[in-house]
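What follows is work_38.cif (mmCIF, C-alpha atoms and all ligand atoms).
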```cif
data_upload
loop_
_atom_site.label_atom_id
_atom_site.label_comp_id
_atom_site.auth_asym_id
_atom_site.auth_seq_id
_atom_site.Cartn_x
_atom_site.Cartn_y
_atom_site.Cartn_z
CA MET N 1 175.19 47.76 15.33
CA GLY N 2 177.70 48.28 18.13
CA SER N 3 177.33 50.78 20.93
CA PRO N 4 174.81 53.37 19.84
CA THR N 5 175.68 57.05 19.98
CA ARG N 6 173.31 59.37 21.80
CA ASP N 7 171.70 60.19 18.47
CA THR N 8 170.71 56.62 17.79
CA PRO N 9 167.14 56.31 18.97
CA GLN N 10 166.26 53.62 21.45
CA SER N 11 162.56 53.94 20.93
CA THR N 12 160.78 53.27 17.68
CA SER N 13 157.39 54.45 18.88
CA ARG N 14 155.69 56.81 16.49
CA LEU N 15 155.15 60.50 17.05
CA SER N 16 152.24 62.34 15.46
CA PHE N 17 152.83 64.13 12.17
CA ASP N 18 152.60 67.53 13.89
CA ALA N 19 154.99 66.48 16.62
CA PHE N 20 157.50 65.42 13.98
CA VAL N 21 157.24 68.69 12.07
CA LYS N 22 157.32 70.92 15.16
CA GLY N 23 160.18 68.96 16.73
CA ILE N 24 162.34 69.06 13.64
CA LEU N 25 161.82 72.77 13.05
CA ALA N 26 162.50 73.39 16.76
CA ARG N 27 165.83 71.57 16.23
CA ASP N 28 164.96 68.85 18.71
CA ARG N 29 167.60 66.19 18.04
CA THR N 30 165.59 63.35 19.60
CA VAL N 31 162.71 64.07 17.24
CA LEU N 32 165.14 64.39 14.32
CA SER N 33 166.61 61.04 15.20
CA ARG N 34 163.17 59.43 15.31
CA ALA N 35 162.26 61.05 12.01
CA ILE N 36 165.35 59.49 10.43
CA THR N 37 164.28 56.12 11.81
CA LEU N 38 160.91 56.74 10.19
CA VAL N 39 162.40 57.47 6.75
CA GLU N 40 164.53 54.33 7.03
CA SER N 41 161.48 52.18 7.66
CA GLN N 42 160.24 49.77 5.01
CA LEU N 43 156.66 49.63 6.35
CA PRO N 44 154.22 51.09 3.81
CA SER N 45 152.43 53.14 6.49
CA ASP N 46 155.76 54.57 7.69
CA ARG N 47 156.79 55.31 4.09
CA GLN N 48 153.65 57.32 3.57
CA LEU N 49 154.16 59.35 6.72
CA ALA N 50 157.84 59.82 5.85
CA GLU N 51 157.00 61.16 2.41
CA GLN N 52 154.42 63.58 3.84
CA LEU N 53 156.90 64.70 6.45
CA VAL N 54 159.67 65.38 3.92
CA ASP N 55 157.17 67.28 1.75
CA GLU N 56 156.10 69.41 4.70
CA ILE N 57 159.62 70.40 5.73
CA LEU N 58 160.83 70.93 2.14
CA PRO N 59 160.61 74.76 2.29
CA HIS N 60 163.14 74.67 5.14
CA THR N 61 165.74 72.63 3.25
CA GLY N 62 168.53 73.25 0.77
CA LYS N 63 170.62 75.76 2.65
CA SER N 64 173.41 73.47 3.83
CA ILE N 65 176.56 72.42 2.08
CA ARG N 66 176.38 68.68 1.50
CA ILE N 67 179.70 66.85 1.61
CA GLY N 68 180.35 63.18 0.81
CA ILE N 69 183.43 61.66 2.44
CA THR N 70 184.77 58.26 1.45
CA GLY N 71 187.90 56.14 1.85
CA ILE N 72 188.92 52.57 2.61
CA PRO N 73 188.62 51.25 6.19
CA GLY N 74 191.61 52.43 8.21
CA VAL N 75 192.35 55.47 6.02
CA GLY N 76 191.38 57.66 8.97
CA LYS N 77 187.83 58.74 8.14
CA SER N 78 186.46 58.90 11.66
CA THR N 79 189.57 60.60 13.05
CA PHE N 80 189.50 63.11 10.19
CA ILE N 81 185.76 63.80 10.48
CA GLU N 82 186.14 64.30 14.21
CA ALA N 83 188.93 66.88 13.76
CA PHE N 84 187.14 68.50 10.81
CA GLY N 85 183.84 68.55 12.70
CA LYS N 86 185.39 70.15 15.79
CA HIS N 87 186.93 72.78 13.52
CA LEU N 88 183.50 73.53 12.04
CA THR N 89 181.66 73.70 15.33
CA ALA N 90 184.40 76.03 16.65
CA LEU N 91 183.53 78.28 13.68
CA GLY N 92 179.92 78.27 14.92
CA LYS N 93 178.65 75.81 12.32
CA ARG N 94 176.12 73.10 13.06
CA LEU N 95 177.20 69.78 11.59
CA ALA N 96 175.31 66.55 10.91
CA VAL N 97 177.20 63.36 10.02
CA LEU N 98 175.23 60.57 8.37
CA ALA N 99 177.53 57.57 8.47
CA ILE N 100 176.54 54.76 6.13
CA ASP N 101 177.51 51.39 7.50
CA PRO N 102 177.83 48.81 4.76
CA SER N 103 177.16 45.94 7.16
CA SER N 104 175.49 43.09 5.37
CA GLN N 105 172.25 41.60 6.57
CA LYS N 106 173.77 38.16 6.17
CA THR N 107 176.59 38.59 8.65
CA LYS N 108 174.95 41.29 10.78
CA GLY N 109 178.51 42.55 11.03
CA SER N 110 179.28 46.21 11.27
CA ILE N 111 182.30 48.11 10.05
CA LEU N 112 181.44 51.44 11.59
CA GLY N 113 179.74 50.34 14.76
CA ASP N 114 182.36 47.98 16.13
CA LYS N 115 184.40 50.71 17.68
CA THR N 116 183.57 53.91 19.42
CA ARG N 117 183.77 56.51 16.74
CA MET N 118 184.02 60.29 16.93
CA ASN N 119 183.72 60.31 20.66
CA ASP N 120 184.45 63.99 21.20
CA LEU N 121 182.34 65.15 18.32
CA SER N 122 179.38 63.11 19.47
CA LYS N 123 179.40 65.08 22.74
CA ASP N 124 179.37 68.40 20.90
CA ASP N 125 175.97 70.11 21.07
CA ASN N 126 176.39 71.48 17.57
CA ALA N 127 177.10 68.08 16.05
CA PHE N 128 174.69 65.28 15.27
CA ILE N 129 176.09 61.88 14.33
CA ARG N 130 173.84 59.25 12.93
CA PRO N 131 175.04 55.83 11.76
CA THR N 132 172.70 53.97 9.43
CA SER N 133 173.01 50.50 8.09
CA ALA N 134 172.92 50.12 4.32
CA GLY N 135 171.96 46.51 4.86
CA GLU N 136 168.50 47.51 6.03
CA SER N 137 167.40 49.24 2.87
CA LEU N 138 165.93 47.46 -0.11
CA GLY N 139 166.54 50.21 -2.62
CA GLY N 140 170.10 50.71 -1.40
CA VAL N 141 171.18 53.52 0.72
CA ALA N 142 170.17 56.33 -1.56
CA ASN N 143 166.51 56.83 -0.81
CA TYR N 144 166.51 57.30 2.89
CA THR N 145 169.85 59.10 3.04
CA ARG N 146 168.50 61.75 0.69
CA GLU N 147 165.48 62.17 2.95
CA ALA N 148 167.69 62.21 6.04
CA ILE N 149 169.78 65.03 4.51
CA LEU N 150 166.61 67.11 4.04
CA LEU N 151 165.45 66.41 7.61
CA CYS N 152 168.84 67.52 8.96
CA GLU N 153 168.69 70.71 6.91
CA ALA N 154 165.22 71.51 8.23
CA ALA N 155 166.61 70.96 11.73
CA GLY N 156 169.08 73.78 11.07
CA PHE N 157 172.30 71.92 10.30
CA ASP N 158 174.40 73.95 7.90
CA VAL N 159 177.00 71.35 7.02
CA ILE N 160 175.95 67.77 6.25
CA ILE N 161 178.55 65.04 5.87
CA VAL N 162 177.58 61.70 4.34
CA GLU N 163 180.31 59.19 5.15
CA THR N 164 180.78 55.91 3.26
CA VAL N 165 183.39 53.21 3.23
CA GLY N 166 185.03 53.32 -0.19
CA VAL N 167 184.66 49.67 -0.95
CA GLY N 168 181.04 49.21 -1.89
CA GLN N 169 178.40 50.30 -4.32
CA SER N 170 177.25 53.26 -2.33
CA GLU N 171 179.89 55.75 -3.51
CA SER N 172 178.24 56.70 -6.77
CA GLN N 173 174.89 56.94 -4.99
CA VAL N 174 176.40 59.29 -2.43
CA ARG N 175 178.16 61.28 -5.18
CA ASN N 176 174.66 61.79 -6.51
CA MET N 177 173.29 63.41 -3.38
CA VAL N 178 176.10 65.75 -2.28
CA ASP N 179 177.58 69.00 -3.54
CA PHE N 180 181.21 68.14 -2.82
CA PHE N 181 182.76 64.68 -2.86
CA LEU N 182 185.91 64.20 -0.80
CA LEU N 183 188.14 61.14 -1.13
CA LEU N 184 190.55 60.27 1.67
CA MET N 185 193.67 58.38 0.62
CA LEU N 186 196.85 57.12 2.26
CA GLY N 187 200.24 58.24 1.03
CA GLY N 188 203.06 55.76 0.51
CA ALA N 189 201.03 52.61 0.97
CA GLY N 190 202.71 50.86 -1.94
CA ASP N 191 200.19 50.84 -4.73
CA GLU N 192 199.20 54.48 -4.92
CA LEU N 193 195.63 53.73 -5.85
CA GLN N 194 195.10 51.27 -2.99
CA GLY N 195 192.30 49.45 -4.61
CA ILE N 196 190.31 52.65 -4.91
CA LYS N 197 188.84 52.39 -8.35
CA LYS N 198 189.76 55.00 -10.91
CA GLY N 199 186.04 55.77 -11.16
CA ILE N 200 185.93 56.90 -7.53
CA MET N 201 188.93 59.16 -8.06
CA GLU N 202 187.19 60.66 -11.05
CA MET N 203 184.16 61.49 -8.92
CA ALA N 204 186.20 63.43 -6.36
CA ASP N 205 186.16 67.22 -6.08
CA GLY N 206 188.96 66.97 -3.55
CA ILE N 207 191.44 64.36 -2.35
CA VAL N 208 192.96 64.54 1.12
CA ILE N 209 195.97 62.40 1.92
CA THR N 210 195.61 61.41 5.55
CA LYS N 211 198.12 60.69 8.32
CA ALA N 212 200.69 63.11 6.88
CA ASP N 213 202.79 63.17 10.04
CA GLY N 214 206.00 61.67 11.43
CA ASP N 215 207.70 59.22 9.09
CA ASN N 216 204.75 59.41 6.77
CA LEU N 217 205.05 63.12 5.94
CA LYS N 218 207.55 62.73 3.10
CA ARG N 219 205.60 59.88 1.54
CA SER N 220 202.41 61.92 1.78
CA THR N 221 203.95 64.90 -0.02
CA GLN N 222 205.20 62.55 -2.73
CA ALA N 223 201.74 60.98 -3.01
CA GLN N 224 200.21 64.48 -3.27
CA SER N 225 202.25 65.23 -6.36
CA ASP N 226 201.61 61.74 -7.82
CA PHE N 227 197.84 62.17 -7.42
CA LYS N 228 197.95 65.64 -8.95
CA HIS N 229 199.64 64.14 -12.00
CA ALA N 230 197.21 61.23 -12.14
CA LEU N 231 194.27 63.66 -12.12
CA HIS N 232 195.60 65.38 -15.24
CA LEU N 233 194.89 62.18 -17.15
CA PHE N 234 191.18 62.32 -16.32
CA GLN N 235 188.46 64.22 -18.12
CA PRO N 236 188.09 67.71 -16.63
CA PRO N 237 185.07 67.75 -14.27
CA GLU N 238 181.80 69.18 -15.55
CA SER N 239 181.78 71.74 -12.75
CA GLY N 240 184.78 73.55 -14.22
CA TRP N 241 186.44 73.13 -10.84
CA THR N 242 189.99 71.80 -10.66
CA THR N 243 190.16 68.87 -8.25
CA LYS N 244 192.50 69.72 -5.38
CA VAL N 245 194.85 67.35 -3.57
CA LEU N 246 195.73 68.27 0.04
CA ILE N 247 197.67 66.57 2.80
CA SER N 248 196.42 66.40 6.36
CA SER N 249 197.15 65.03 9.78
CA ALA N 250 194.06 64.76 11.95
CA ILE N 251 196.25 63.99 14.95
CA GLU N 252 198.43 67.09 14.47
CA HIS N 253 195.46 69.16 13.26
CA ARG N 254 197.07 70.01 9.96
CA GLY N 255 195.23 70.36 6.69
CA ILE N 256 191.88 70.58 8.45
CA ASP N 257 191.24 74.29 7.93
CA GLU N 258 192.64 74.00 4.37
CA THR N 259 190.07 71.30 3.67
CA TRP N 260 187.26 73.58 4.82
CA SER N 261 188.67 76.50 2.77
CA MET N 262 188.78 74.22 -0.28
CA ILE N 263 185.11 73.32 0.21
CA GLU N 264 184.13 76.95 0.72
CA ASP N 265 186.04 77.90 -2.44
CA PHE N 266 184.23 75.15 -4.31
CA ARG N 267 180.90 76.42 -3.05
CA SER N 268 181.53 80.02 -4.11
CA PHE N 269 182.96 78.88 -7.45
CA THR N 270 179.98 76.65 -8.28
CA LEU N 271 177.47 79.20 -6.95
CA ARG N 272 178.95 81.75 -9.35
CA ASN N 273 178.98 79.51 -12.41
CA GLY N 274 175.54 77.99 -11.67
CA PHE N 275 176.84 74.44 -11.26
CA LEU N 276 175.78 74.07 -7.62
CA GLU N 277 172.15 74.65 -8.55
CA SER N 278 172.21 72.65 -11.79
CA GLN N 279 173.86 69.70 -10.04
CA ARG N 280 171.13 69.72 -7.37
CA ASP N 281 168.46 69.91 -10.08
CA ASP N 282 170.01 66.91 -11.83
CA GLN N 283 170.25 65.03 -8.54
CA ASN N 284 166.56 65.66 -7.88
CA LYS N 285 165.72 64.28 -11.31
CA THR N 286 167.78 61.17 -10.63
CA TRP N 287 166.02 60.79 -7.27
CA PHE N 288 162.64 61.14 -8.96
CA HIS N 289 163.47 58.54 -11.60
CA SER N 290 164.91 56.05 -9.14
CA SER N 291 161.84 56.51 -6.92
CA ILE N 292 159.59 55.62 -9.85
CA ASN N 293 161.76 52.53 -10.39
CA ASN N 294 161.57 51.50 -6.76
CA LEU N 295 157.83 52.08 -6.45
CA LEU N 296 157.06 50.13 -9.60
CA ARG N 297 159.34 47.32 -8.54
CA SER N 298 157.73 46.99 -5.14
CA GLU N 299 154.21 47.19 -6.65
CA ILE N 300 155.09 44.31 -8.97
CA PHE N 301 156.96 42.13 -6.49
CA ASN N 302 154.40 42.59 -3.72
CA HIS N 303 151.42 41.70 -5.91
CA LYS N 304 150.12 38.28 -4.82
CA SER N 305 149.21 36.83 -8.22
CA ILE N 306 152.38 38.25 -9.77
CA GLN N 307 154.42 36.50 -7.07
CA GLN N 308 152.79 33.27 -8.22
CA LYS N 309 153.58 34.06 -11.86
CA ILE N 310 157.22 34.80 -10.96
CA LYS N 311 157.57 31.41 -9.25
CA GLU N 312 156.09 29.72 -12.31
CA MET N 313 158.51 31.55 -14.61
CA GLU N 314 161.49 30.66 -12.41
CA GLN N 315 160.67 27.00 -12.87
CA LYS N 316 160.30 27.41 -16.61
CA ILE N 317 163.64 29.23 -16.80
CA GLU N 318 165.27 26.42 -14.83
CA SER N 319 163.87 23.76 -17.13
CA GLY N 320 164.96 25.74 -20.18
CA GLU N 321 161.43 26.35 -21.47
CA ILE N 322 161.82 30.11 -21.61
CA HIS N 323 164.64 32.59 -21.41
CA PRO N 324 164.77 35.21 -18.62
CA GLY N 325 164.11 38.22 -20.84
CA ALA N 326 160.96 36.75 -22.33
CA ALA N 327 159.80 35.58 -18.90
CA ALA N 328 160.22 39.10 -17.51
CA ARG N 329 158.15 40.52 -20.35
CA LEU N 330 155.35 38.03 -19.61
CA VAL N 331 155.38 38.99 -15.93
CA VAL N 332 155.22 42.71 -16.69
CA ASN N 333 152.48 42.18 -19.30
CA ASP N 334 150.47 40.24 -16.75
CA PHE N 335 150.91 43.04 -14.25
CA LEU N 336 149.81 45.68 -16.77
CA ASN N 337 146.75 43.62 -17.68
CA LEU N 338 145.85 43.26 -13.99
CA MET N 339 146.15 47.02 -13.58
CA ALA N 340 143.98 47.69 -16.60
CA SER N 341 141.21 45.33 -15.53
P1 LIG F 401 188.53 54.72 9.45
O1 LIG F 401 188.40 53.24 9.50
O2 LIG F 401 188.77 55.20 8.04
O3 LIG F 401 187.40 55.46 10.12
O4 LIG F 401 189.90 55.09 10.21
P2 LIG F 401 190.15 55.60 11.72
O5 LIG F 401 189.83 57.05 11.84
O6 LIG F 401 189.51 54.68 12.67
O7 LIG F 401 191.74 55.48 11.81
C1 LIG F 401 192.44 54.27 11.61
C2 LIG F 401 193.74 54.32 12.36
O8 LIG F 401 194.57 55.35 11.86
C3 LIG F 401 193.57 54.61 13.85
O9 LIG F 401 194.46 53.80 14.57
C4 LIG F 401 193.92 56.06 13.99
O10 LIG F 401 194.46 56.38 15.26
C5 LIG F 401 194.98 56.24 12.91
N1 LIG F 401 194.98 57.63 12.43
C6 LIG F 401 193.89 58.33 12.01
N2 LIG F 401 194.26 59.58 11.64
C7 LIG F 401 195.59 59.67 11.82
C8 LIG F 401 196.55 60.73 11.62
O11 LIG F 401 196.25 61.85 11.21
N3 LIG F 401 197.86 60.43 11.89
C9 LIG F 401 198.25 59.21 12.34
N4 LIG F 401 199.54 59.02 12.56
N5 LIG F 401 197.37 58.21 12.57
C10 LIG F 401 196.07 58.42 12.31
#
```
How does the structure come out when it is put into structure tokens?
Amino acid sequence: MGSPTRDTPQSTSRLSFDAFVKGILARDRTVLSRAITLVESQLPSDRQLAEQLVDEILPHTGKSIRIGITGIPGVGKSTFIEAFGKHLTALGKRLAVLAIDPSSQKTKGSILGDKTRMNDLSKDDNAFIRPTSAGESLGGVANYTREAILLCEAAGFDVIIVETVGVGQSESQVRNMVDFFLLLMLGGAGDELQGIKKGIMEMADGIVITKADGDNLKRSTQAQSDFKHALHLFQPPESGWTTKVLISSAIEHRGIDETWSMIEDFRSFTLRNGFLESQRDDQNKTWFHSSINNLLRSEIFNHKSIQQKIKEMEQKIESGEIHPGAAARLVVNDFLNLMAS
């Protein structure tokens, strides 16, 4: 990635389990940063330590409000999060931002890291900004980001933002790990939906139209009413909450406190009607199920004789001797037989 922020660790050397636990609970940001590196690791020995660590700190988690923020590149995410974050830290909140960079392993390019982002916020002692590359994770971004959220909570952060670029696959995964999902949109950019899929709009608990200043103000107000109408056509959200559409200018500091009030209202509303808790329960179940999937998959694909069988089947599929579904069943049957013997 580009220039690392101060929360991006330079050292990958391992701490002891106790040092990790003590450091995190003592709110030591260097230790927190290293712990996040640990949960991102693909090494089996690191995975084991990471799982033990998350288990150990679990009693200290769950108290934050978890916010997902998404929007296309250029919509103003980093400028908005910086203004929003400064507002929160001025209120005495401690904020962690986990920014998911959809850089691909192929190009080694980076959307988030190319420029200096959230400069002011990254100097704030009550803010922790951590970019992570989605390209490094086999099971997608979901697994380690969930663990990173828990680590940040144990380190005393009371607002956690998970930022994604609204162009990839990660949005629905992020929707599945946060309490409130915020979509940033531009007003008056021609096509009102700007390539943001209807599905992403449907996931949103709030939409903020960015850059509502200068010549853009009128267009933003118009877009606000267009989006409100568009939302009426969707199924009402399960939470019972009515999705809000706000306008904001990060540069003129407008709409920032309203955004926070909206999220606080959402939190009280869903605390009262039980949705906040039931959504987290459901998210934990999804996490559990996808972990089973991932573990099984890696057990199968890492098994030496199964790797051989897979190669054999690939050749047979290519020569038309067997179809992929039947070949998969043979591979899994072989694996089950190996396990039973
Ligand atoms: P990101 O790619 O979504 O993180 O977008 P950035 O935060 O980097 O912003 C993209 C561009 O929009 C930058 O040139 C910003 O200066 C500009 N920008 C961001 N927020 C505002 C705003 O509130 N008003 C105006 N006029 N420009 C903004």
Review point. Out of N:Arg267, N:Arg47, N:Lys123, N:Arg254, which residue has the shortest atom-to-atom distance to ligand LIG 401 (chain F) when counting all atoms listed in the file?
Key: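 The answer is N:Arg254, which sits nearest to ligand LIG 401 (chain F).
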Residues of chain N within 12 Å of ligand LIG 401 (chain F): nearest atom pair and distance (Å, one decimal) for each, counting all atoms listed in the file, sorted by chain and number, as CSV?
```
residue,atom,partner,partner_atom,distance
N:Ile69,CA,F:LIG401,O2,10.1
N:Thr70,CA,F:LIG401,O2,8.3
N:Gly71,CA,F:LIG401,O2,6.3
N:Ile72,CA,F:LIG401,O2,6.0
N:Pro73,CA,F:LIG401,O1,3.9
N:Gly74,CA,F:LIG401,O1,3.6
N:Val75,CA,F:LIG401,O2,4.1
N:Gly76,CA,F:LIG401,O4,3.2
N:Lys77,CA,F:LIG401,O2,3.7
N:Ser78,CA,F:LIG401,O5,3.8
N:Thr79,CA,F:LIG401,O5,3.8
N:Phe80,CA,F:LIG401,N2,6.1
N:Ile81,CA,F:LIG401,O5,8.0
N:Glu82,CA,F:LIG401,O5,8.5
N:Ala83,CA,F:LIG401,O11,9.2
N:Phe84,CA,F:LIG401,O11,11.3
N:Ala99,CA,F:LIG401,O3,10.2
N:Ile100,CA,F:LIG401,O3,11.6
N:Asp101,CA,F:LIG401,O3,11.0
N:Ser110,CA,F:LIG401,O1,11.7
N:Ile111,CA,F:LIG401,O1,8.0
N:Leu112,CA,F:LIG401,O3,7.3
N:Gly113,CA,F:LIG401,O3,10.3
N:Asp114,CA,F:LIG401,O6,10.4
N:Lys115,CA,F:LIG401,O6,8.2
N:Thr116,CA,F:LIG401,O6,9.0
N:Arg117,CA,F:LIG401,O6,7.3
N:Met118,CA,F:LIG401,O5,8.4
N:Asn119,CA,F:LIG401,O5,11.2
N:Glu163,CA,F:LIG401,O3,9.4
N:Thr164,CA,F:LIG401,O2,9.3
N:Val165,CA,F:LIG401,O2,7.5
N:Gly166,CA,F:LIG401,O2,9.2
N:Val167,CA,F:LIG401,O2,11.3
N:Leu183,CA,F:LIG401,O2,10.9
N:Leu184,CA,F:LIG401,O2,8.3
N:Met185,CA,F:LIG401,O2,9.4
N:Leu186,CA,F:LIG401,C7,10.0
N:Gly187,CA,F:LIG401,N3,11.3
N:Val208,CA,F:LIG401,O11,10.9
N:Ile209,CA,F:LIG401,O11,9.3
N:Thr210,CA,F:LIG401,O11,5.7
N:Lys211,CA,F:LIG401,N3,3.6
N:Ala212,CA,F:LIG401,O11,6.3
N:Asp213,CA,F:LIG401,N4,5.8
N:Gly214,CA,F:LIG401,N4,7.1
N:Asp215,CA,F:LIG401,N4,8.9
N:Asn216,CA,F:LIG401,N4,7.8
N:Leu217,CA,F:LIG401,N4,9.5
N:Ser220,CA,F:LIG401,N3,11.2
N:Ile247,CA,F:LIG401,O11,9.7
N:Ser248,CA,F:LIG401,O11,6.7
N:Ser249,CA,F:LIG401,O11,3.6
N:Ala250,CA,F:LIG401,O11,3.7
N:Ile251,CA,F:LIG401,O11,4.3
N:Glu252,CA,F:LIG401,O11,6.5
N:His253,CA,F:LIG401,O11,7.6
N:Arg254,CA,F:LIG401,O11,8.3
N:Gly255,CA,F:LIG401,O11,9.7
N:Ile256,CA,F:LIG401,O11,10.1
```
Save out the residues we just selected, C-alpha atoms, as a tab-separated table (two decimals), in the coordinates of the input.
```tsv
chain	number	residue	atom	x	y	z
N	69	ILE	CA	183.43	61.66	2.44
N	70	THR	CA	184.77	58.26	1.45
N	71	GLY	CA	187.90	56.14	1.85
N	72	ILE	CA	188.92	52.57	2.61
N	73	PRO	CA	188.62	51.25	6.19
N	74	GLY	CA	191.61	52.43	8.21
N	75	VAL	CA	192.35	55.47	6.02
N	76	GLY	CA	191.38	57.66	8.97
N	77	LYS	CA	187.83	58.74	8.14
N	78	SER	CA	186.46	58.90	11.66
N	79	THR	CA	189.57	60.60	13.05
N	80	PHE	CA	189.50	63.11	10.19
N	81	ILE	CA	185.76	63.80	10.48
N	82	GLU	CA	186.14	64.30	14.21
N	83	ALA	CA	188.93	66.88	13.76
N	84	PHE	CA	187.14	68.50	10.81
N	99	ALA	CA	177.53	57.57	8.47
N	100	ILE	CA	176.54	54.76	6.13
N	101	ASP	CA	177.51	51.39	7.50
N	110	SER	CA	179.28	46.21	11.27
N	111	ILE	CA	182.30	48.11	10.05
N	112	LEU	CA	181.44	51.44	11.59
N	113	GLY	CA	179.74	50.34	14.76
N	114	ASP	CA	182.36	47.98	16.13
N	115	LYS	CA	184.40	50.71	17.68
N	116	THR	CA	183.57	53.91	19.42
N	117	ARG	CA	183.77	56.51	16.74
N	118	MET	CA	184.02	60.29	16.93
N	119	ASN	CA	183.72	60.31	20.66
N	163	GLU	CA	180.31	59.19	5.15
N	164	THR	CA	180.78	55.91	3.26
N	165	VAL	CA	183.39	53.21	3.23
N	166	GLY	CA	185.03	53.32	-0.19
N	167	VAL	CA	184.66	49.67	-0.95
N	183	LEU	CA	188.14	61.14	-1.13
N	184	LEU	CA	190.55	60.27	1.67
N	185	MET	CA	193.67	58.38	0.62
N	186	LEU	CA	196.85	57.12	2.26
N	187	GLY	CA	200.24	58.24	1.03
N	208	VAL	CA	192.96	64.54	1.12
N	209	ILE	CA	195.97	62.40	1.92
N	210	THR	CA	195.61	61.41	5.55
N	211	LYS	CA	198.12	60.69	8.32
N	212	ALA	CA	200.69	63.11	6.88
N	213	ASP	CA	202.79	63.17	10.04
N	214	GLY	CA	206.00	61.67	11.43
N	215	ASP	CA	207.70	59.22	9.09
N	216	ASN	CA	204.75	59.41	6.77
N	217	LEU	CA	205.05	63.12	5.94
N	220	SER	CA	202.41	61.92	1.78
N	247	ILE	CA	197.67	66.57	2.80
N	248	SER	CA	196.42	66.40	6.36
N	249	SER	CA	197.15	65.03	9.78
N	250	ALA	CA	194.06	64.76	11.95
N	251	ILE	CA	196.25	63.99	14.95
N	252	GLU	CA	198.43	67.09	14.47
N	253	HIS	CA	195.46	69.16	13.26
N	254	ARG	CA	197.07	70.01	9.96
N	255	GLY	CA	195.23	70.36	6.69
N	256	ILE	CA	191.88	70.58	8.45
```
Selection: 12 Å around Arg14 (chain N), only C-alpha atoms, excl. self and same-chain fewer than 6 positions, as a compact mmCIF listing (two decimals) with C-alpha atoms, in the coordinates of the input:
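Output below, filename around03.txt:
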```txt
# COMPACT_ATOMS: atom_id res chain seq x y z
CA PHE N 20 157.50 65.42 13.98
CA VAL N 31 162.71 64.07 17.24
CA SER N 33 166.61 61.04 15.20
CA ARG N 34 163.17 59.43 15.31
CA ALA N 35 162.26 61.05 12.01
CA ILE N 36 165.35 59.49 10.43
CA THR N 37 164.28 56.12 11.81
CA LEU N 38 160.91 56.74 10.19
CA VAL N 39 162.40 57.47 6.75
CA SER N 41 161.48 52.18 7.66
CA SER N 45 152.43 53.14 6.49
CA ASP N 46 155.76 54.57 7.69
CA LEU N 49 154.16 59.35 6.72
CA ALA N 50 157.84 59.82 5.85
```
**Study point:** Protein and nucleic acid residues near (197.6, 67.7, -10.9) (cut-off 12 Å, only C-alpha atoms) as a list in words
**Key:**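 Answer for this query, in the requested form: Gly206, Ile207, Ala223, Gln224, Ser225, Asp226, Phe227, Lys228, His229, Ala230, Leu231, His232, Leu233, Phe234, Pro236, Thr242, Thr243, Lys244, Val245 and Leu246 of chain N.
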Check your understanding: Which is closest to Thr259 (chain N) among N:Asn143, N:Phe180, N:Gly156, N:Val21, if we use only C-alpha atoms?
Key ->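 Checking each of N:Asn143, N:Phe180, N:Gly156, N:Val21 against Thr259 (chain N), counting only C-alpha atoms, the winner is N:Phe180.
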